[in-house]
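Raw protein_2.cif, mmCIF, C-alpha atoms:
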data_run
#
loop_
_atom_site.label_atom_id
_atom_site.label_comp_id
_atom_site.auth_asym_id
_atom_site.auth_seq_id
_atom_site.Cartn_x
_atom_site.Cartn_y
_atom_site.Cartn_z
CA MET A 8 1.53 7.51 1.99
CA ASN A 9 0.63 8.57 5.53
CA LEU A 10 -2.03 5.87 5.76
CA ILE A 11 0.40 3.16 4.68
CA LEU A 12 2.98 4.38 7.19
CA THR A 13 0.38 4.51 9.97
CA VAL A 14 -0.84 0.98 9.22
CA LEU A 15 2.74 -0.31 9.12
CA ILE A 16 3.63 1.30 12.46
CA GLY A 17 0.36 0.08 13.97
CA ALA A 18 1.03 -3.49 12.81
CA ILE A 19 4.55 -3.42 14.27
CA LEU A 20 3.24 -2.08 17.60
CA GLU A 21 0.49 -4.73 17.70
CA ILE A 22 3.02 -7.52 17.13
CA ALA A 23 5.38 -6.09 19.76
CA VAL A 24 2.58 -5.88 22.34
CA TRP A 25 1.44 -9.40 21.44
CA ILE A 26 4.97 -10.76 22.01
CA GLY A 27 5.38 -8.75 25.23
CA VAL A 28 2.10 -10.00 26.71
CA ALA A 29 2.83 -13.56 25.54
CA HIS A 30 6.04 -13.49 27.62
CA PHE A 31 4.06 -12.85 30.82
CA ILE A 32 1.17 -15.20 30.08
CA SER A 33 0.94 -18.04 27.64
CA GLY A 34 0.87 -17.16 23.95
CA TRP A 35 -2.09 -19.52 23.57
CA TYR A 36 -4.17 -17.35 25.88
CA VAL A 37 -3.43 -14.35 23.70
CA PHE A 38 -4.29 -16.34 20.58
CA PHE A 39 -7.60 -17.55 22.05
CA TRP A 40 -8.39 -13.99 23.15
CA PHE A 41 -7.99 -12.86 19.53
CA ILE A 42 -10.48 -15.49 18.42
CA ALA A 43 -12.95 -14.55 21.18
CA ALA A 44 -12.51 -10.82 20.43
CA PHE A 45 -13.18 -11.46 16.72
CA VAL A 46 -16.42 -13.30 17.52
CA ILE A 47 -17.53 -10.58 19.96
CA GLY A 48 -16.63 -7.84 17.45
CA PHE A 49 -18.49 -9.60 14.66
CA LYS A 50 -21.62 -9.89 16.80
CA LEU A 51 -21.39 -6.21 17.83
CA LEU A 52 -20.96 -5.13 14.22
CA ARG A 53 -23.78 -7.33 13.00
CA SER A 54 -26.19 -6.15 15.69
CA SER A 55 -25.61 -2.47 14.99
CA ALA A 56 -25.04 -2.39 11.22
CA GLY A 57 -28.62 -3.11 10.21
CA SER A 58 -30.07 -0.26 12.21
CA ILE A 59 -27.50 2.40 11.27
CA MET A 60 -27.30 1.90 7.49
CA PRO A 61 -30.16 4.35 6.68
CA GLN A 62 -28.61 6.97 8.97
CA LEU A 63 -25.17 6.51 7.38
CA GLN A 64 -26.72 6.95 3.93
CA GLN A 65 -28.34 10.16 5.18
CA LEU A 66 -24.98 11.27 6.57
CA GLN A 67 -23.31 10.61 3.23
CA MET A 68 -25.97 12.45 1.24
CA THR A 69 -26.52 15.47 3.48
CA GLY A 70 -23.40 15.60 5.61
CA GLN A 71 -25.59 15.76 8.70
CA LEU A 72 -26.63 13.13 11.16
CA GLY A 73 -29.69 13.29 13.34
CA ALA A 74 -29.13 14.05 17.00
CA ASP A 75 -30.59 10.68 18.00
CA PRO A 76 -28.43 9.25 20.83
CA VAL A 77 -29.39 5.69 19.86
CA VAL A 78 -27.84 6.17 16.40
CA THR A 79 -24.71 7.64 17.99
CA ARG A 80 -24.48 4.63 20.26
CA LYS A 81 -25.00 2.19 17.37
CA ILE A 82 -22.26 3.86 15.28
CA ALA A 83 -19.86 3.62 18.20
CA VAL A 84 -20.77 -0.04 18.75
CA ALA A 85 -20.13 -0.77 15.06
CA ILE A 86 -16.72 0.92 15.19
CA ALA A 87 -15.89 -0.96 18.40
CA GLY A 88 -16.90 -4.19 16.66
CA ILE A 89 -14.57 -3.45 13.75
CA LEU A 90 -11.72 -2.68 16.15
CA LEU A 91 -12.34 -5.93 18.06
CA MET A 92 -12.24 -7.91 14.81
CA ILE A 93 -8.74 -6.63 14.05
CA PRO A 94 -6.29 -8.96 15.80
CA GLY A 95 -4.29 -7.09 18.42
CA LEU A 96 -4.46 -5.94 21.98
CA ILE A 97 -4.09 -2.21 21.21
CA THR A 98 -7.15 -2.24 18.95
CA ASP A 99 -9.06 -4.14 21.63
CA VAL A 100 -8.26 -1.43 24.19
CA LEU A 101 -9.32 1.22 21.66
CA ALA A 102 -12.59 -0.69 21.12
CA VAL A 103 -13.34 -0.58 24.85
CA LEU A 104 -12.54 3.15 24.91
CA VAL A 105 -14.88 3.78 21.97
CA LEU A 106 -17.74 2.38 24.02
CA LEU A 107 -17.36 5.18 26.60
CA PRO A 108 -19.99 7.96 26.08
CA PRO A 109 -17.59 10.98 25.94
CA ILE A 110 -15.42 9.21 23.37
CA GLN A 111 -18.56 8.32 21.39
CA LYS A 112 -19.53 11.97 21.11
CA LEU A 113 -16.02 12.94 19.94
CA LEU A 114 -16.01 10.09 17.44
CA VAL A 115 -19.37 11.03 15.93
CA ASN A 116 -18.35 14.71 15.69
CA ALA A 117 -15.13 13.70 13.93
CA LEU A 118 -17.09 11.43 11.58
CA MET A 119 -19.53 14.20 10.73
CA SER A 120 -16.77 16.72 10.00
CA ALA A 121 -14.89 14.19 7.86
CA MET A 122 -18.04 13.42 5.86
CA ALA A 123 -18.75 17.15 5.42
CA LYS A 124 -15.21 17.71 4.10
CA ARG A 125 -15.54 14.73 1.79
CA GLN A 126 -18.85 16.04 0.47
CA GLN A 127 -17.38 19.52 -0.06
CA ASN A 128 -14.39 18.09 -1.95
CA MET A 129 -16.71 16.01 -4.12
CA MET A 130 -18.83 19.08 -4.91
CA ASN A 131 -15.71 21.10 -5.75
CA LYS A 132 -14.53 18.39 -8.14
CA MET A 133 -17.95 18.09 -9.76
CA MET A 134 -18.40 21.82 -10.19
CA GLY A 135 -14.83 22.51 -11.24
CA GLY A 136 -14.07 24.74 -8.29
CA MET A 137 -17.27 26.73 -8.69
CA MET A 138 -18.32 26.16 -5.06
CA GLY A 139 -15.50 28.20 -3.55
CA GLY A 140 -12.70 25.81 -4.30
CA GLU A 141 -9.73 26.41 -6.55
CA GLN A 142 -9.90 29.72 -8.36
CA GLY A 143 -7.74 28.66 -11.28
CA ALA A 144 -9.71 25.51 -12.09
CA GLN A 145 -11.52 25.20 -15.42
CA ASN A 146 -15.22 25.81 -14.86
CA PRO A 147 -17.34 23.58 -17.13
CA PHE A 148 -20.31 25.92 -16.82
CA ALA A 149 -18.41 29.13 -17.63
CA ASP A 150 -19.41 29.17 -21.32
CA LEU A 151 -23.04 28.46 -20.55
CA MET A 152 -23.14 31.20 -17.92
CA ARG A 153 -21.49 33.66 -20.33
CA GLN A 154 -24.06 32.86 -23.01
CA MET A 155 -26.92 33.33 -20.58
CA GLN A 156 -25.52 36.71 -19.53
CA ASP A 157 -25.12 37.72 -23.19
CA MET A 158 -28.73 36.74 -23.89
CA GLN A 159 -29.92 38.83 -20.97
CA ASN A 160 -27.91 41.78 -22.26
CA GLY A 161 -29.32 41.39 -25.78
CA GLN A 162 -26.07 40.21 -27.31
CA ALA A 163 -27.13 36.67 -28.21
CA GLY A 164 -24.72 35.17 -30.71
CA HIS A 165 -22.27 38.06 -30.41
CA SER A 166 -20.20 36.80 -27.52
CA SER A 167 -16.85 38.45 -27.06
CA ARG A 168 -15.20 35.14 -26.24
CA ASP A 169 -14.99 31.91 -28.17
CA SER A 170 -17.38 29.26 -27.07
CA SER A 171 -16.74 25.56 -27.17
CA ILE A 172 -20.40 24.86 -27.97
CA ILE A 173 -21.04 23.70 -31.50
CA ASP A 174 -24.42 24.43 -33.00
CA GLY A 175 -25.75 21.85 -35.39
CA GLU A 176 -28.75 19.95 -36.64
CA ALA A 177 -29.51 16.30 -36.03
CA ARG A 178 -31.41 14.01 -38.33
CA GLU A 179 -32.33 10.38 -38.01
CA VAL A 180 -30.50 7.94 -40.22
CA ASN A 181 -31.96 4.55 -41.03
CA PRO A 182 -29.36 2.19 -42.43
CA ASP A 183 -30.27 0.13 -45.45
CA TYR A 184 -30.09 -3.50 -44.66
CA GLN A 185 -31.22 -6.64 -46.41
CA LYS A 186 -33.81 -8.78 -44.79
CA ILE A 187 -33.16 -12.47 -44.71
CA GLU A 188 -36.29 -14.36 -45.55
CA MET A 189 -36.99 -17.62 -43.88
CA LYS A 190 -38.34 -20.35 -46.13
CA ASP A 191 -40.39 -23.14 -44.74
CA VAL A 192 -38.61 -26.42 -45.10
CA LYS A 193 -40.83 -29.45 -44.99
CA LYS A 194 -39.50 -32.41 -43.19
CA ASN A 195 -40.03 -35.83 -44.72
#

Could you show the structure in this file as structure tokens?
Amino acid sequence: MNLILTVLIGAILEIAVWIGVAHFISGWYVFFWFIAAFVIGFKLLRSSAGSIMPQLQQLQMTGQLGADPVVTRKIAVAIAGILLMIPGLITDVLAVLVLLPPIQKLLVNALMSAMAKRQQNMMNKMMGGMMGGEQGAQNPFADLMRQMQDMQNGQAGHSSRDSSIIDGEAREVNPDYQKIEMKDVKKN
């Protein structure tokens, strides 16, 4: 909901700025600037995306990014390219600001903390709150852990709680089927 509202307000502001600037200079100049900014943004994104993809995969997997300043610069250039590709003067100003080194450092730190939060939320969902998340969540490993504790205490099979594990035996079943025999048909 907040994202939709933010995008809607951003679009309205972009249009208002576009109209305001078009009153002072020709609207065609603004239009041609959008085309030029899109081409520049596409080239920036293309030049930096190939070299940062392995680092972004590492960031997604580990939640940490190497302290390589070249990677930081390439991530900032890619974000600036995306902002330039979005038609609007406000996003173009933001793209130029992103290229400044202090803003780059803030942006990368924010990206790393967002990825770490995302990874933590994913782990909490996968583990059912086992990793320090919700205390009331159903833990899928609770029965297995209880059984392991009972086995260590010598109470195997005599658990005080009901388990949802069903013990059974598997056997292979071969279905009976009729084979269709192919007869050789001689052609005349």

Counting all atoms listed in the file, which residue out of A:Gly48, A:Pro109, A:Gly57, A:Gly95 sits closest to Ala29 of chain A?
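That would be A:Gly95, the residue with the smallest distance to Ala29 of chain A.
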
Among listed residues A:Ala177, A:Ile47, A:Ala83, A:Met60, nearest Leu107 of chain A (using all atoms listed in the file)
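The answer is A:Ala83, which sits nearest to Leu107 of chain A.
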
All residues 10 Å or closer to segment 38-44 of chain A, only C-alpha atoms, same chain fewer than 3 positions away omitted, as a ChimeraX atom specification
/A:25,29,33-35,47-50,88,90-96,99

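Using all atoms listed in the file, the protein and nucleic acid residues lying no more than 10 Å from Ser55 of chain A, apart from those fewer than 2 places from it along its own chain, are Lys50, Leu51, Leu52, Arg53, Gly57, Ser58, Ile59, Met60, Val78, Arg80, Lys81, Ile82, Ala83, Val84, Ala85, Ile86 and Gly88 of chain A.
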
Saved selection, atoms kept: C-alpha atoms, as a compact mmCIF listing (two decimals), in the coordinates of the input:
# COMPACT_ATOMS: atom_id res chain seq x y z
CA LYS A 50 -21.62 -9.89 16.80
CA LEU A 51 -21.39 -6.21 17.83
CA LEU A 52 -20.96 -5.13 14.22
CA ARG A 53 -23.78 -7.33 13.00
CA GLY A 57 -28.62 -3.11 10.21
CA SER A 58 -30.07 -0.26 12.21
CA ILE A 59 -27.50 2.40 11.27
CA MET A 60 -27.30 1.90 7.49
CA VAL A 78 -27.84 6.17 16.40
CA ARG A 80 -24.48 4.63 20.26
CA LYS A 81 -25.00 2.19 17.37
CA ILE A 82 -22.26 3.86 15.28
CA ALA A 83 -19.86 3.62 18.20
CA VAL A 84 -20.77 -0.04 18.75
CA ALA A 85 -20.13 -0.77 15.06
CA ILE A 86 -16.72 0.92 15.19
CA GLY A 88 -16.90 -4.19 16.66

Could you state the separation of atom CA of Ala87 of chain A and atom CA of Ala117 of chain A in Å, given to one decimal place?
15.3 Å

Do you have the atom CA of Gly27 of chain A-atom CA of Val100 of chain A distance handy?
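Computed distance, atom CA of Gly27 of chain A to atom CA of Val100 of chain A, equals 15.5 Å.
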
From atom CA of Val105 of chain A to atom CA of Leu20 of chain A the spacing works out at 19.5 Å

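Comparing A:Asn181, A:Gln127, A:Asn116, A:Thr13 by their smallest distance to Thr79 of chain A, the closest is A:Asn116 (using only C-alpha atoms).
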